[in-house]
>>> print(open('model.pdb').read())   # PDB, C-alpha atoms
ATOM      1  CA  MET A  24      49.413 -47.019  -3.232
ATOM      2  CA  LEU A  25      51.509 -47.236  -6.397
ATOM      3  CA  CYS A  26      52.202 -50.760  -7.638
ATOM      4  CA  SER A  27      55.962 -51.360  -7.614
ATOM      5  CA  ASP A  28      56.279 -55.045  -8.559
ATOM      6  CA  VAL A  29      58.423 -55.145 -11.700
ATOM      7  CA  THR A  30      57.053 -58.609 -12.532
ATOM      8  CA  LYS A  31      53.627 -57.109 -13.183
ATOM      9  CA  LYS A  32      53.971 -56.444 -16.870
ATOM     10  CA  LEU A  33      52.247 -57.638 -20.017
ATOM     11  CA  SER A  34      54.170 -60.494 -21.600
ATOM     12  CA  PHE A  35      53.012 -63.113 -24.096
ATOM     13  CA  GLY A  36      56.365 -64.700 -24.833
ATOM     14  CA  GLY A  37      55.527 -68.116 -23.359
ATOM     15  CA  SER A  38      53.439 -70.982 -24.622
ATOM     16  CA  ILE A  39      49.658 -71.263 -24.454
ATOM     17  CA  LYS A  40      48.368 -72.888 -21.264
ATOM     18  CA  ASP A  41      45.054 -74.344 -20.167
ATOM     19  CA  GLY A  42      42.895 -71.404 -19.006
ATOM     20  CA  ASP A  43      44.643 -68.796 -21.149
ATOM     21  CA  LEU A  44      42.733 -66.311 -23.270
ATOM     22  CA  VAL A  45      43.648 -66.403 -26.971
ATOM     23  CA  ILE A  46      42.436 -64.429 -29.975
ATOM     24  CA  VAL A  47      41.409 -66.864 -32.689
ATOM     25  CA  TYR A  48      42.131 -65.228 -36.043
ATOM     26  CA  GLU A  49      40.103 -66.657 -38.933
ATOM     27  CA  LYS A  50      40.584 -63.782 -41.378
ATOM     28  CA  ARG A  51      41.155 -60.018 -41.262
ATOM     29  CA  ASP A  52      37.657 -59.123 -40.100
ATOM     30  CA  VAL A  53      36.775 -62.340 -38.249
ATOM     31  CA  MET A  54      38.389 -62.805 -34.831
ATOM     32  CA  LYS A  55      37.081 -63.964 -31.475
ATOM     33  CA  ALA A  56      38.350 -64.299 -27.930
ATOM     34  CA  VAL A  57      38.423 -67.880 -26.658
ATOM     35  CA  LYS A  58      39.385 -69.202 -23.224
ATOM     36  CA  VAL A  59      41.472 -72.339 -23.654
ATOM     37  CA  SER A  60      40.094 -75.465 -21.977
ATOM     38  CA  GLU A  61      41.760 -78.817 -22.534
ATOM     39  CA  THR A  62      38.430 -80.642 -22.956
ATOM     40  CA  SER A  63      36.808 -78.059 -25.265
ATOM     41  CA  VAL A  64      36.664 -77.645 -29.019
ATOM     42  CA  LEU A  65      36.128 -74.720 -31.362
ATOM     43  CA  GLN A  66      33.888 -75.395 -34.339
ATOM     44  CA  ASN A  67      33.640 -73.049 -37.309
ATOM     45  CA  ARG A  68      33.414 -73.185 -41.093
ATOM     46  CA  PHE A  69      36.992 -74.469 -41.269
ATOM     47  CA  GLY A  70      36.273 -77.535 -39.148
ATOM     48  CA  VAL A  71      36.711 -78.637 -35.549
ATOM     49  CA  PHE A  72      39.711 -77.455 -33.538
ATOM     50  CA  LYS A  73      40.637 -79.245 -30.308
ATOM     51  CA  HIS A  74      41.846 -76.904 -27.563
ATOM     52  CA  SER A  75      44.152 -79.690 -26.381
ATOM     53  CA  ASP A  76      46.113 -79.249 -29.629
ATOM     54  CA  TRP A  77      46.683 -75.588 -28.749
ATOM     55  CA  ILE A  78      48.219 -76.125 -25.317
ATOM     56  CA  GLY A  79      51.995 -75.841 -25.390
ATOM     57  CA  LYS A  80      52.129 -73.952 -28.692
ATOM     58  CA  PRO A  81      53.505 -70.390 -28.760
ATOM     59  CA  PHE A  82      51.200 -67.433 -29.389
ATOM     60  CA  GLY A  83      51.031 -66.757 -33.123
ATOM     61  CA  SER A  84      50.854 -70.438 -34.044
ATOM     62  CA  LYS A  85      48.884 -71.717 -37.007
ATOM     63  CA  VAL A  86      46.736 -74.699 -35.993
ATOM     64  CA  LEU A  87      44.831 -77.159 -38.167
ATOM     65  CA  SER A  88      41.300 -78.524 -37.874
ATOM     66  CA  ASN A  89      40.050 -82.062 -38.555
ATOM     67  CA  LYS A  90      39.306 -80.916 -42.135
ATOM     68  CA  GLY A  91      42.685 -79.332 -42.749
ATOM     69  CA  GLY A  92      41.419 -75.788 -42.272
ATOM     70  CA  PHE A  93      43.443 -73.442 -40.120
ATOM     71  CA  VAL A  94      43.313 -70.467 -37.767
ATOM     72  CA  TYR A  95      45.972 -68.473 -35.958
ATOM     73  CA  LEU A  96      46.177 -68.262 -32.166
ATOM     74  CA  LEU A  97      47.144 -64.711 -31.243
ATOM     75  CA  ALA A  98      47.977 -63.105 -27.916
ATOM     76  CA  PRO A  99      45.276 -60.874 -26.353
ATOM     77  CA  THR A 100      47.223 -57.639 -26.833
ATOM     78  CA  PRO A 101      45.367 -54.364 -26.191
ATOM     79  CA  GLU A 102      45.118 -53.721 -29.945
ATOM     80  CA  LEU A 103      43.432 -57.058 -30.626
ATOM     81  CA  TRP A 104      41.346 -57.011 -27.456
ATOM     82  CA  THR A 105      39.810 -53.712 -28.586
ATOM     83  CA  LEU A 106      38.578 -55.482 -31.732
ATOM     84  CA  VAL A 107      36.937 -58.463 -29.984
ATOM     85  CA  LEU A 108      35.714 -57.231 -26.585
ATOM     86  CA  SER A 109      32.052 -57.089 -25.586
ATOM     87  CA  HIS A 110      30.613 -53.629 -26.219
ATOM     88  CA  ARG A 111      28.881 -52.657 -23.003
ATOM     89  CA  THR A 112      29.310 -49.033 -24.138
ATOM     90  CA  GLN A 113      30.727 -47.207 -27.124
ATOM     91  CA  ILE A 114      34.491 -47.715 -27.145
ATOM     92  CA  LEU A 115      37.660 -45.949 -28.208
ATOM     93  CA  TYR A 116      39.735 -47.553 -30.950
ATOM     94  CA  ILE A 117      43.481 -47.613 -31.494
ATOM     95  CA  ALA A 118      43.663 -44.415 -33.577
ATOM     96  CA  ASP A 119      42.223 -42.328 -30.719
ATOM     97  CA  ILE A 120      43.928 -44.371 -28.008
ATOM     98  CA  SER A 121      47.329 -43.691 -29.575
ATOM     99  CA  PHE A 122      46.661 -39.936 -29.509
ATOM    100  CA  LEU A 123      45.519 -40.080 -25.905
ATOM    101  CA  ILE A 124      48.479 -41.999 -24.527
ATOM    102  CA  THR A 125      50.912 -39.758 -26.389
ATOM    103  CA  TYR A 126      49.339 -36.451 -25.399
ATOM    104  CA  LEU A 127      48.718 -37.542 -21.818
ATOM    105  CA  GLU A 128      52.454 -38.327 -21.667
ATOM    106  CA  ILE A 129      51.798 -41.696 -20.064
ATOM    107  CA  VAL A 130      54.971 -43.686 -19.432
ATOM    108  CA  PRO A 131      55.953 -46.697 -17.300
ATOM    109  CA  GLY A 132      55.414 -45.798 -13.663
ATOM    110  CA  SER A 133      52.615 -43.279 -14.271
ATOM    111  CA  LEU A 134      49.575 -43.114 -12.018
ATOM    112  CA  VAL A 135      46.469 -42.604 -14.158
ATOM    113  CA  LEU A 136      42.878 -41.859 -13.150
ATOM    114  CA  GLU A 137      40.080 -42.681 -15.599
ATOM    115  CA  SER A 138      36.316 -42.154 -15.645
ATOM    116  CA  GLY A 139      34.306 -43.880 -16.961
ATOM    117  CA  THR A 140      35.566 -47.380 -17.462
ATOM    118  CA  GLY A 141      32.894 -48.398 -19.968
ATOM    119  CA  SER A 142      33.920 -51.511 -21.891
ATOM    120  CA  GLY A 143      37.571 -51.167 -20.845
ATOM    121  CA  SER A 144      39.074 -50.693 -24.303
ATOM    122  CA  LEU A 145      41.170 -47.665 -23.345
ATOM    123  CA  THR A 146      41.896 -49.006 -19.864
ATOM    124  CA  THR A 147      43.652 -52.075 -21.260
ATOM    125  CA  SER A 148      46.006 -49.924 -23.336
ATOM    126  CA  LEU A 149      46.585 -47.571 -20.405
ATOM    127  CA  ALA A 150      47.611 -50.560 -18.289
ATOM    128  CA  ARG A 151      50.250 -51.612 -20.802
ATOM    129  CA  ALA A 152      51.547 -48.043 -21.044
ATOM    130  CA  VAL A 153      52.071 -47.702 -17.269
ATOM    131  CA  ALA A 154      53.531 -51.210 -16.775
ATOM    132  CA  PRO A 155      55.434 -52.518 -14.950
ATOM    133  CA  THR A 156      55.534 -50.039 -12.047
ATOM    134  CA  GLY A 157      52.539 -47.764 -12.660
ATOM    135  CA  HIS A 158      48.847 -48.186 -12.010
ATOM    136  CA  VAL A 159      45.473 -47.226 -13.502
ATOM    137  CA  TYR A 160      42.554 -46.387 -11.203
ATOM    138  CA  THR A 161      39.388 -46.443 -13.267
ATOM    139  CA  PHE A 162      35.849 -45.606 -12.137
ATOM    140  CA  ASP A 163      32.364 -46.307 -13.464
ATOM    141  CA  PHE A 164      29.027 -45.447 -11.822
ATOM    142  CA  HIS A 165      27.416 -48.671 -13.117
ATOM    143  CA  GLN A 166      28.119 -51.565 -10.743
ATOM    144  CA  GLN A 167      27.535 -54.419 -13.180
ATOM    145  CA  ARG A 168      29.609 -52.708 -15.859
ATOM    146  CA  ALA A 169      32.465 -52.305 -13.379
ATOM    147  CA  ALA A 170      32.219 -55.972 -12.374
ATOM    148  CA  SER A 171      32.343 -57.087 -16.008
ATOM    149  CA  ALA A 172      35.376 -54.872 -16.596
ATOM    150  CA  ARG A 173      37.178 -56.484 -13.650
ATOM    151  CA  GLU A 174      36.565 -59.923 -15.169
ATOM    152  CA  ASP A 175      37.897 -58.757 -18.534
ATOM    153  CA  PHE A 176      41.038 -57.267 -16.993
ATOM    154  CA  GLN A 177      41.712 -60.543 -15.228
ATOM    155  CA  SER A 178      41.230 -62.475 -18.473
ATOM    156  CA  THR A 179      43.605 -60.213 -20.391
ATOM    157  CA  GLY A 180      46.232 -60.269 -17.643
ATOM    158  CA  VAL A 181      46.179 -56.580 -16.677
ATOM    159  CA  ASP A 182      44.338 -56.939 -13.356
ATOM    160  CA  SER A 183      47.542 -56.317 -11.358
ATOM    161  CA  LEU A 184      47.870 -52.945 -13.077
ATOM    162  CA  VAL A 185      44.239 -51.809 -12.871
ATOM    163  CA  THR A 186      41.912 -51.091  -9.952
ATOM    164  CA  VAL A 187      38.216 -50.679 -10.785
ATOM    165  CA  GLY A 188      36.003 -48.559  -8.544
ATOM    166  CA  VAL A 189      32.236 -47.936  -8.545
ATOM    167  CA  ARG A 190      31.710 -44.198  -8.198
ATOM    168  CA  ASP A 191      29.801 -41.334  -9.791
ATOM    169  CA  ILE A 192      32.723 -39.062 -10.631
ATOM    170  CA  GLN A 193      30.457 -36.333 -12.025
ATOM    171  CA  GLY A 194      28.588 -36.093  -8.726
ATOM    172  CA  GLU A 195      31.194 -37.117  -6.159
ATOM    173  CA  GLY A 196      34.516 -36.383  -7.829
ATOM    174  CA  PHE A 197      37.582 -38.598  -7.520
ATOM    175  CA  PRO A 198      38.493 -40.005  -4.075
ATOM    176  CA  ASP A 199      40.565 -37.583  -2.003
ATOM    177  CA  GLU A 200      43.237 -40.238  -1.432
ATOM    178  CA  TYR A 201      44.583 -39.559  -4.941
ATOM    179  CA  SER A 202      44.833 -35.797  -4.469
ATOM    180  CA  GLY A 203      48.036 -34.451  -6.002
ATOM    181  CA  LEU A 204      49.265 -37.922  -7.022
ATOM    182  CA  ALA A 205      47.968 -38.395 -10.577
ATOM    183  CA  ASP A 206      50.257 -37.948 -13.553
ATOM    184  CA  SER A 207      47.258 -38.035 -15.903
ATOM    185  CA  VAL A 208      43.463 -37.894 -15.692
ATOM    186  CA  PHE A 209      41.139 -39.039 -18.474
ATOM    187  CA  LEU A 210      37.429 -38.168 -18.611
ATOM    188  CA  ASP A 211      34.876 -39.823 -20.898
ATOM    189  CA  LEU A 212      31.631 -38.620 -19.331
ATOM    190  CA  PRO A 213      28.300 -37.138 -20.459
ATOM    191  CA  GLN A 214      29.013 -33.959 -18.456
ATOM    192  CA  PRO A 215      32.794 -33.865 -18.022
ATOM    193  CA  TRP A 216      32.791 -30.223 -16.929
ATOM    194  CA  LEU A 217      31.287 -31.332 -13.618
ATOM    195  CA  ALA A 218      34.367 -33.453 -12.899
ATOM    196  CA  VAL A 219      36.963 -30.845 -13.908
ATOM    197  CA  PRO A 220      37.390 -29.238 -10.433
ATOM    198  CA  SER A 221      38.017 -32.636  -8.832
ATOM    199  CA  ALA A 222      40.361 -33.697 -11.651
ATOM    200  CA  GLY A 223      42.417 -30.555 -11.102
ATOM    201  CA  LYS A 224      42.929 -31.474  -7.438
ATOM    202  CA  MET A 225      44.083 -34.980  -8.336
ATOM    203  CA  LEU A 226      46.845 -33.930 -10.730
ATOM    204  CA  LYS A 227      50.458 -33.311  -9.901
ATOM    205  CA  GLN A 228      51.700 -29.820 -10.746
ATOM    206  CA  ASP A 229      52.930 -31.021 -14.147
ATOM    207  CA  GLY A 230      50.039 -33.452 -14.693
ATOM    208  CA  THR A 231      47.829 -33.607 -17.784
ATOM    209  CA  LEU A 232      44.053 -33.818 -18.167
ATOM    210  CA  CYS A 233      42.200 -35.130 -21.214
ATOM    211  CA  SER A 234      38.452 -35.018 -21.803
ATOM    212  CA  PHE A 235      36.962 -36.993 -24.692
ATOM    213  CA  SER A 236      33.526 -35.950 -25.968
ATOM    214  CA  PRO A 237      31.424 -36.812 -29.050
ATOM    215  CA  CYS A 238      29.761 -33.370 -29.275
ATOM    216  CA  ILE A 239      31.435 -29.997 -29.737
ATOM    217  CA  GLU A 240      28.978 -28.437 -27.283
ATOM    218  CA  GLN A 241      30.363 -30.725 -24.576
ATOM    219  CA  VAL A 242      33.882 -29.659 -25.471
ATOM    220  CA  GLN A 243      32.936 -25.984 -25.256
ATOM    221  CA  ARG A 244      31.431 -26.331 -21.780
ATOM    222  CA  THR A 245      34.397 -28.384 -20.608
ATOM    223  CA  CYS A 246      36.853 -25.785 -21.913
ATOM    224  CA  GLU A 247      35.033 -23.082 -19.953
ATOM    225  CA  ALA A 248      35.385 -25.166 -16.805
ATOM    226  CA  LEU A 249      39.065 -25.730 -17.567
ATOM    227  CA  LYS A 250      39.714 -22.012 -17.885
ATOM    228  CA  SER A 251      38.172 -21.475 -14.465
ATOM    229  CA  ASN A 252      40.039 -24.283 -12.711
ATOM    230  CA  PHE A 253      43.420 -24.716 -14.378
ATOM    231  CA  ARG A 254      46.508 -22.540 -14.238
ATOM    232  CA  GLY A 255      49.738 -23.706 -15.802
ATOM    233  CA  LYS A 256      48.686 -27.320 -16.291
ATOM    234  CA  SER A 257      48.545 -29.204 -19.559
ATOM    235  CA  ILE A 258      45.122 -29.865 -21.031
ATOM    236  CA  VAL A 259      44.198 -32.063 -23.955
ATOM    237  CA  SER A 260      40.799 -31.614 -25.576
ATOM    238  CA  LEU A 261      39.805 -34.338 -28.015
ATOM    239  CA  TYR A 262      36.695 -34.036 -30.132
ATOM    240  CA  SER A 263      35.466 -37.015 -32.113
ATOM    241  CA  HIS A 264      32.504 -37.022 -34.453
ATOM    242  CA  GLY A 265      32.068 -39.627 -37.169
ATOM    243  CA  PHE A 266      35.331 -39.905 -39.067
ATOM    244  CA  ILE A 267      36.509 -36.427 -38.109
ATOM    245  CA  ASN A 268      39.022 -36.163 -35.287
ATOM    246  CA  SER A 269      40.806 -33.077 -34.061
ATOM    247  CA  ILE A 270      43.174 -32.748 -31.148
ATOM    248  CA  GLU A 271      44.650 -29.735 -29.466
ATOM    249  CA  LYS A 272      47.086 -29.341 -26.595
ATOM    250  CA  HIS A 273      47.519 -26.050 -24.832
ATOM    251  CA  ILE A 274      48.434 -24.394 -21.559
ATOM    252  CA  ILE A 275      46.027 -22.296 -19.538
ATOM    253  CA  CYS A 276      48.162 -19.575 -18.004
TER     254      CYS A 276
END
>>> encode(input="model.pdb", output="structure tokens")
Amino acid sequence: MLCSDVTKKLSFGGSIKDGDLVIVYEKRDVMKAVKVSETSVLQNRFGVFKHSDWIGKPFGSKVLSNKGGFVYLLAPTPELWTLVLSHRTQILYIADISFLITYLEIVPGSLVLESGTGSGSLTTSLARAVAPTGHVYTFDFHQQRAASAREDFQSTGVDSLVTVGVRDIQGEGFPDEYSGLADSVFLDLPQPWLAVPSAGKMLKQDGTLCSFSPCIEQVQRTCEALKSNFRGKSIVSLYSHGFINSIEKHIIC
């Protein structure tokens, strides 16, 4: 079940090829994801940029337009992808993602369960954290959203590290095949307390669960469910509202 191919890791050390995804950097707050096609052009206020001029250049290159304007061609790292991806749902940004990966103790080789997938912002960073020998199994109840996420993961090169499933985790729980195998479980659901019993069964004895909620009332209900279902396992509760973030890690004994 666990991916063990050490070649399956995120690497952008080579040159840009036809079909690659690049992040075109115009200025600090203007970036876009572009799929390189030898016959295509990018046109913006700086001029016309031929994709054929990009092929063979290393990521990070500065390229010129027909007018002498320039952009930078950056690699689609998780940090940059989070800034340019299509928002099918509200997403997590790097500040929260950094907390989550640290407190969930995710390392190369970890097996991580996630629900829901949403726009895939967190999932992409999780994939890099578990590479090259770990795997992320992420679930979303919305079929089209899951299909779009699969396409994005393929474009960003993390598809070998991520498996997307269509499933209502609140109603059905996680698949039994992962019982006792997960190093970490992440929940971003409207009613995460409904998924807590199933999440507890998925975790290894020293595994860690994190639930992310926008409302403190959700956190309170989830904590009550955690107290009823967890003994001696690490729990991370993360509450986010506006610009206020608080994080707490504790053991239910």
>>> residues_around(input="model.pdb", residues="region 100-103 of chain A", least_positions_apart="3", cutoff="10 Å", atoms="only C-alpha atoms", output="list in words")
Leu33, Ser34, Phe35, Val45, Ile46, Tyr48, Met54, Lys55, Ala56, Leu97, Leu106, Val107, Leu108, Tyr116, Ile117, Ile120, Gly143, Ser144, Leu145, Thr146, Thr147, Ser148, Leu149, Ala150, Arg151, Thr179, Gly180 and Val181 of chain A
>>> write_last_selection(input="model.pdb", atoms="C-alpha atoms", output="PDB file, keeping the file's coordinate frame")
ATOM      1  CA  LEU A  33      52.247 -57.638 -20.017  1.00  0.00           C
ATOM      2  CA  SER A  34      54.170 -60.494 -21.600  1.00  0.00           C
ATOM      3  CA  PHE A  35      53.012 -63.113 -24.096  1.00  0.00           C
ATOM      4  CA  VAL A  45      43.648 -66.403 -26.971  1.00  0.00           C
ATOM      5  CA  ILE A  46      42.436 -64.429 -29.975  1.00  0.00           C
ATOM      6  CA  TYR A  48      42.131 -65.228 -36.043  1.00  0.00           C
ATOM      7  CA  MET A  54      38.389 -62.805 -34.831  1.00  0.00           C
ATOM      8  CA  LYS A  55      37.081 -63.964 -31.475  1.00  0.00           C
ATOM      9  CA  ALA A  56      38.350 -64.299 -27.930  1.00  0.00           C
ATOM     10  CA  LEU A  97      47.144 -64.711 -31.243  1.00  0.00           C
ATOM     11  CA  LEU A 106      38.578 -55.482 -31.732  1.00  0.00           C
ATOM     12  CA  VAL A 107      36.937 -58.463 -29.984  1.00  0.00           C
ATOM     13  CA  LEU A 108      35.714 -57.231 -26.585  1.00  0.00           C
ATOM     14  CA  TYR A 116      39.735 -47.553 -30.950  1.00  0.00           C
ATOM     15  CA  ILE A 117      43.481 -47.613 -31.494  1.00  0.00           C
ATOM     16  CA  ILE A 120      43.928 -44.371 -28.008  1.00  0.00           C
ATOM     17  CA  GLY A 143      37.571 -51.167 -20.845  1.00  0.00           C
ATOM     18  CA  SER A 144      39.074 -50.693 -24.303  1.00  0.00           C
ATOM     19  CA  LEU A 145      41.170 -47.665 -23.345  1.00  0.00           C
ATOM     20  CA  THR A 146      41.896 -49.006 -19.864  1.00  0.00           C
ATOM     21  CA  THR A 147      43.652 -52.075 -21.260  1.00  0.00           C
ATOM     22  CA  SER A 148      46.006 -49.924 -23.336  1.00  0.00           C
ATOM     23  CA  LEU A 149      46.585 -47.571 -20.405  1.00  0.00           C
ATOM     24  CA  ALA A 150      47.611 -50.560 -18.289  1.00  0.00           C
ATOM     25  CA  ARG A 151      50.250 -51.612 -20.802  1.00  0.00           C
ATOM     26  CA  THR A 179      43.605 -60.213 -20.391  1.00  0.00           C
ATOM     27  CA  GLY A 180      46.232 -60.269 -17.643  1.00  0.00           C
ATOM     28  CA  VAL A 181      46.179 -56.580 -16.677  1.00  0.00           C
TER      29      VAL A 181
END
>>> residues_around(input="model.pdb", residues="Ser88 (chain A)", least_positions_apart="3", cutoff="6 Å", atoms="all atoms listed in the file", output="list in words")
Gly70, Val71, Phe72, Gly91, Gly92 and Phe93 of chain A
>>> closest_residue(input="model.pdb", among="A:Thr112, A:Gln167, A:Ser178, A:Ser60", to="Ile78 (chain A)", atoms="all atoms listed in the file")
A:Ser60
>>> residues_near_point(input="model.pdb", point="(33.9, -52.4, -10.5)", cutoff="12 Å", atoms="only C-alpha atoms", output="MDAnalysis selection string")
chainID A and resid 138:143 160:176 182 185:191
>>> write_last_selection(input="model.pdb", atoms="C-alpha atoms", output="tab-separated table (two decimals), in the coordinates of the input")
chain	number	residue	atom	x	y	z
A	138	SER	CA	36.32	-42.15	-15.64
A	139	GLY	CA	34.31	-43.88	-16.96
A	140	THR	CA	35.57	-47.38	-17.46
A	141	GLY	CA	32.89	-48.40	-19.97
A	142	SER	CA	33.92	-51.51	-21.89
A	143	GLY	CA	37.57	-51.17	-20.84
A	160	TYR	CA	42.55	-46.39	-11.20
A	161	THR	CA	39.39	-46.44	-13.27
A	162	PHE	CA	35.85	-45.61	-12.14
A	163	ASP	CA	32.36	-46.31	-13.46
A	164	PHE	CA	29.03	-45.45	-11.82
A	165	HIS	CA	27.42	-48.67	-13.12
A	166	GLN	CA	28.12	-51.56	-10.74
A	167	GLN	CA	27.54	-54.42	-13.18
A	168	ARG	CA	29.61	-52.71	-15.86
A	169	ALA	CA	32.47	-52.30	-13.38
A	170	ALA	CA	32.22	-55.97	-12.37
A	171	SER	CA	32.34	-57.09	-16.01
A	172	ALA	CA	35.38	-54.87	-16.60
A	173	ARG	CA	37.18	-56.48	-13.65
A	174	GLU	CA	36.56	-59.92	-15.17
A	175	ASP	CA	37.90	-58.76	-18.53
A	176	PHE	CA	41.04	-57.27	-16.99
A	182	ASP	CA	44.34	-56.94	-13.36
A	185	VAL	CA	44.24	-51.81	-12.87
A	186	THR	CA	41.91	-51.09	-9.95
A	187	VAL	CA	38.22	-50.68	-10.78
A	188	GLY	CA	36.00	-48.56	-8.54
A	189	VAL	CA	32.24	-47.94	-8.54
A	190	ARG	CA	31.71	-44.20	-8.20
A	191	ASP	CA	29.80	-41.33	-9.79
>>> axis_aligned_box(input="model.pdb", around="region 76-85 of chain A", padding_each_side="4 Å", output="lines of an AutoDock Vina configuration file")
center_x = 49.8
center_y = -73.0
center_z = -31.2
size_x = 15.4
size_y = 20.5
size_z = 19.7
>>> atom_distance(input="model.pdb", atom1="CA of Ser75 (chain A)", atom2="CA of Gln177 (chain A)")
22.3 Å
>>> resolve_selection(input="model.pdb", expression="the PyMOL selection byres ((chain A and resi 206) around 6)", output="list in words")
Ser133, Leu134, Ala205, Ser207, Leu226, Lys227 and Gly230 of chain A
>>> closest_residue(input="model.pdb", among="A:Phe253, A:Phe69, A:Phe197, A:Phe235", to="Ala218 (chain A)", atoms="all atoms listed in the file")
A:Phe197
>>> atom_distance(input="model.pdb", atom1="CA of Lys58 (chain A)", atom2="CA of His158 (chain A)")
25.6 Å
>>> resolve_selection(input="model.pdb", expression="the PyMOL selection byres ((chain A and resi 41) around 12)", output="list of chain:residue names")
A:Ser38, A:Ile39, A:Lys40, A:Gly42, A:Asp43, A:Leu44, A:Val45, A:Val57, A:Lys58, A:Val59, A:Ser60, A:Glu61, A:Thr62, A:Ser63, A:His74, A:Ser75, A:Asp76, A:Trp77, A:Ile78, A:Gly79, A:Lys80
>>> write_last_selection(input="model.pdb", atoms="C-alpha atoms", output="PDB file, keeping the file's coordinate frame")
ATOM      1  CA  SER A  38      53.439 -70.982 -24.622  1.00  0.00           C
ATOM      2  CA  ILE A  39      49.658 -71.263 -24.454  1.00  0.00           C
ATOM      3  CA  LYS A  40      48.368 -72.888 -21.264  1.00  0.00           C
ATOM      4  CA  GLY A  42      42.895 -71.404 -19.006  1.00  0.00           C
ATOM      5  CA  ASP A  43      44.643 -68.796 -21.149  1.00  0.00           C
ATOM      6  CA  LEU A  44      42.733 -66.311 -23.270  1.00  0.00           C
ATOM      7  CA  VAL A  45      43.648 -66.403 -26.971  1.00  0.00           C
ATOM      8  CA  VAL A  57      38.423 -67.880 -26.658  1.00  0.00           C
ATOM      9  CA  LYS A  58      39.385 -69.202 -23.224  1.00  0.00           C
ATOM     10  CA  VAL A  59      41.472 -72.339 -23.654  1.00  0.00           C
ATOM     11  CA  SER A  60      40.094 -75.465 -21.977  1.00  0.00           C
ATOM     12  CA  GLU A  61      41.760 -78.817 -22.534  1.00  0.00           C
ATOM     13  CA  THR A  62      38.430 -80.642 -22.956  1.00  0.00           C
ATOM     14  CA  SER A  63      36.808 -78.059 -25.265  1.00  0.00           C
ATOM     15  CA  HIS A  74      41.846 -76.904 -27.563  1.00  0.00           C
ATOM     16  CA  SER A  75      44.152 -79.690 -26.381  1.00  0.00           C
ATOM     17  CA  ASP A  76      46.113 -79.249 -29.629  1.00  0.00           C
ATOM     18  CA  TRP A  77      46.683 -75.588 -28.749  1.00  0.00           C
ATOM     19  CA  ILE A  78      48.219 -76.125 -25.317  1.00  0.00           C
ATOM     20  CA  GLY A  79      51.995 -75.841 -25.390  1.00  0.00           C
ATOM     21  CA  LYS A  80      52.129 -73.952 -28.692  1.00  0.00           C
TER      22      LYS A  80
END
>>> atom_distance(input="model.pdb", atom1="CA of Phe82 (chain A)", atom2="CA of Arg68 (chain A)")
22.1 Å
>>> closest_residue(input="model.pdb", among="A:Leu127, A:Ala98, A:Leu136, A:Val64", to="Gly37 (chain A)", atoms="only C-alpha atoms")
A:Ala98
>>> closest_residue(input="model.pdb", among="A:Val219, A:Phe122, A:Cys233, A:Asn89", to="Glu247 (chain A)", atoms="only C-alpha atoms")
A:Val219
>>> residues_around(input="model.pdb", residues="Arg244 (chain A)", least_positions_apart="3", cutoff="10 Å", atoms="all atoms listed in the file", output="ChimeraX atom specification")
/A:214-217,239-241,247-249
>>> closest_residue(input="model.pdb", among="A:Lys73, A:Leu65, A:Pro213, A:Ser221", to="Glu200 (chain A)", atoms="all atoms listed in the file")
A:Ser221
